[in-house]
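Note sheet for the following structure.
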Amino acid sequence: MSDSRPSPRDAAADSVSIDVSAMPRVLRRIMGLALRYPGLVALAVGCSIGAALFGLTLPRLFGKAVDQAHLLLAGGGTTAEDVQRALVNTALLVLGAASLRGLLTGYGGYVAEQVSQKVAYDLRLAFFQQLQRLSFGFHDRIHSGDLVTRGMLDLEGTRAFIQGGMMQTLTLVMLLSVSAFMMFSTDVTMAFLALAFVPFASWVLARMGFMLRVTWLRVQQLMSVLTLTMEENLQGIRVVRAFSAKAFEMGKFDLAADNALQYSFKRITLRFRAVTAMTLSYYGSMALLLWYGGHQVIAGAMSVGRLTEFLAYMTLLQAPIRQIAMIFASAARATSSGGRVFEILDLSPEIADAANVPPLTPTEGVLRFEHVDFAYDEGRPVLRDVSFEVRPGQTLGVVGAPGSGKSTIANLIPRFYDVTGGQITIDGQDIREVSLASLREYIGLVQQEAFLFDTTVTNNVAYADPWAEEDRIVGAAQTAQLHDYIAGLPVGYTTRVGERGVALSGGQRQRMSIARGVVPGPGVMIFDDSTAAIDAVTERKVRDALASATKTKATVIIAHRLSSLMHADQILVLDEGRVVERGDHQSLVAAGGIYAELYALQTRADHGGLVEDLPAEVLAAGQTASQTDGVRA
């Protein structure tokens, strides 16, 4: 069993280009999102500043308390009662300052979390909305597993920076700046010794931040691979079980999980080393401070209270200093994660409305292709000079070998892609010059792959028009020859169909998709091989019912089975993107071309004939049809 995707280890080995200027740019953008809530941000900032200020009063109070106690021990003429009263007052002030600091810190953290969750909410909506706007060409190029990772894990890493980085940085800057000012204003030498660890810590943090960005980016890439592996396995679980491929799938998942684990260990190791180095440098500065200050106290050049005050400043900075590593880690993660989220948000849809574009204003409802060319990839044309017209009440059939461009025609009409040559018009209006919403409301597309949502039958059938009346829903189900089956279910139309319609057969899913396409009553109906999984008898009933439902609409039927389009007013035969034959069923059979050969092949097969009994030219046509590939149908 082979796997054409790059392995997780290959993905990990890909070189990661780091934009040095990305960190300030991405972090500014994240902070800009937080500033959409200025009231909450101001409240959180105020709490942080207040907590820092109350925290900075503690060293002075501790120093004062030590000097008071020392005065009592030295017998400086102050009574024990006076000193005791002063100590009690200082203790009450310390308790009050510490309590207020704790309350403000807690409430500030709560408000900061509120801001971060609101930003996450905004980002989720914007990300999901962007996924709805981006063109099919984008979704063709990127796997949904990667999008899920960006919309969940990367978005969470972006959100976490607001509370764990942005607000914490403010508190840290306040504490460091005010503490440094107060220490330098008291004793310059002591201040230099107390802050001696800062240059070394800054170098360690800068190095850690850069390396963490690389590691986080690779972790997120590997998590995308992990999500992709799990998603594919769950979607194809029946295939996995049918071929007893559990061991193979476990091996793929274990490889992806192990690679993600190894890079997570690297991230933890980087942070642990940085915290260790910072802590050692911090305690080294404290040791120098204690050594120098102790000698100053012995020499009588400094009071015990002043030394205590400096040590208290150092102790006060201990927790924030340790948080610096956490802040840099949060910033590194936010830069990598935010960059991946913003990369999607900044994309411009390939298919979008032009400025001030008017809505489609149909009159007759005439669909026309005028010398249409199209290629998914430059230099590989899929359609070449395709022209046709379908008027209301008419049915156009399209047949051809796999890869001949049949489904491409279906995708171009609702403008999932833009033509690369020629134009498509409805009542003379170029579909590129009308709004997408009005165009897609006017066009009903029933595809071969019938995707159903995990909800009730009613919600699936009425998906295009959630406010459709019950009789319209029932009528659509009757047209699709599904009403009798639904009516026989224990709870009828309120029955849930399961994920992707797992509770239904393939033919039932297709018929429900047909019913869903009929409900809104569009002006143009397109059926893209939408009866392939339906038996011949039921297909005939569906076709007869659809003929009545679409008798006033322009209808396009794309099919491999010729019985699905024999009744069409005009049939196009495509070969390598070109229209090689056109006409009704009788004229095409009489012409003796590709259509006649396919008809003979299918007729003989339907009547139990042997393929070997067919003429050589018919077999050749069938082989050509099966071998033609390389472009999307």
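The way I read the labels, and the way they are meant: chains A, B, ... in the order of the structure tokens, residue 1 as the first residue of every chain, and ligand 1 as the first ligand shown, with later ones counted on from there.
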
Name the residues in contact with Glu364 in chain A at a cut-off of 8 Å, using only C-alpha atoms, excluding same-chain residues fewer than 5 positions from it; report them as a list in words. Arg391, Pro392 and Asp427 of chain A

Got a sec to tell me which of range 305-493 of chain A DSSP assigns to alpha helix (DSSP H), as a ChimeraX atom specification? /A:305-345,406-412,436-442,457-461,470-479,483-487

With distances taken over only C-alpha atoms, which of A:Val519, A:Val497, A:Ile594, A:Leu61 is nearest to Thr455 in chain A? A:Val497

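With distances restricted to only C-alpha atoms, A:Ala559 is the closest residue to Thr531 in chain A from A:Val148, A:Ala559, A:Ala334, A:Val589.
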
Point out the residue among A:Met223, A:Leu170, A:Leu445, A:Ala352 with the least atom-to-atom distance to Ala52 in chain A, counting only C-alpha atoms. A:Leu170

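Considering the residues A:Gly523, A:Gly145, A:Gly165, A:Gly300 and counting only C-alpha atoms, Asn233 in chain A has its shortest atom-to-atom contact with A:Gly145.
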
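Comparing the minimum interatomic distances between Leu574 in chain A and each of A:Thr408, A:Ser135, A:Thr276, A:Ser330, counting only C-alpha atoms, we find that A:Thr408 sits nearest.
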
All residues 8 Å or closer to Leu289 in chain A, only C-alpha atoms, same chain fewer than 4 positions away omitted, as an NGL selection string: :A and (190 or 193-194 or 285 or 293 or 311)

Would you please give, as a VMD selection string, all residues of range 274-399 of chain A that DSSP assigns to strand (DSSP E) based on the backbone? chain A and resid 367 to 377 380 to 390 395 to 399

Can you write just those residues out, C-alpha atoms, as an mmCIF file, in the first residue's frame?
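See result05.cif below for the written result:
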```
data_model
loop_
_atom_site.group_PDB
_atom_site.id
_atom_site.type_symbol
_atom_site.label_atom_id
_atom_site.label_comp_id
_atom_site.auth_asym_id
_atom_site.auth_seq_id
_atom_site.Cartn_x
_atom_site.Cartn_y
_atom_site.Cartn_z
ATOM 1 C CA LEU A 367 -28.180 30.183 -20.997
ATOM 2 C CA ARG A 368 -25.464 30.600 -23.620
ATOM 3 C CA PHE A 369 -21.817 29.511 -23.933
ATOM 4 C CA GLU A 370 -19.954 31.608 -26.497
ATOM 5 C CA HIS A 371 -16.608 30.163 -27.653
ATOM 6 C CA VAL A 372 -15.633 29.208 -24.094
ATOM 7 C CA ASP A 373 -12.087 28.120 -23.288
ATOM 8 C CA PHE A 374 -10.970 27.033 -19.832
ATOM 9 C CA ALA A 375 -7.910 25.584 -18.086
ATOM 10 C CA TYR A 376 -7.422 24.765 -14.403
ATOM 11 C CA ASP A 377 -3.675 25.014 -14.907
ATOM 12 C CA ARG A 380 -3.393 22.490 -19.936
ATOM 13 C CA PRO A 381 -6.718 23.424 -21.560
ATOM 14 C CA VAL A 382 -9.808 21.528 -20.450
ATOM 15 C CA LEU A 383 -12.408 23.183 -22.696
ATOM 16 C CA ARG A 384 -11.739 24.503 -26.192
ATOM 17 C CA ASP A 385 -14.144 26.733 -28.107
ATOM 18 C CA VAL A 386 -17.340 25.348 -26.553
ATOM 19 C CA SER A 387 -20.549 27.028 -27.691
ATOM 20 C CA PHE A 388 -24.196 26.157 -27.101
ATOM 21 C CA GLU A 389 -27.520 27.691 -26.105
ATOM 22 C CA VAL A 390 -30.245 26.361 -23.815
ATOM 23 C CA THR A 395 -32.831 20.218 -22.146
ATOM 24 C CA LEU A 396 -29.184 19.977 -23.138
ATOM 25 C CA GLY A 397 -27.366 16.689 -22.662
ATOM 26 C CA VAL A 398 -23.580 16.480 -22.344
ATOM 27 C CA VAL A 399 -21.723 13.198 -22.748
#
```

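Compared by their closest atoms to Gly405 in chain A, and using only C-alpha atoms, the residues A:Phe243, A:Leu317, A:Ala477, A:Val579 rank with A:Val579 nearest.
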
Excluding Gly475 in chain A and its own-chain neighbours fewer than 6 positions away, which residues fall within 12 Å of it when counting only C-alpha atoms? Please give them as a VMD selection string. chain A and resid 458 461 to 462 468 to 469 481 to 484 512 514 to 516 518 to 521 545 to 546 548 to 549
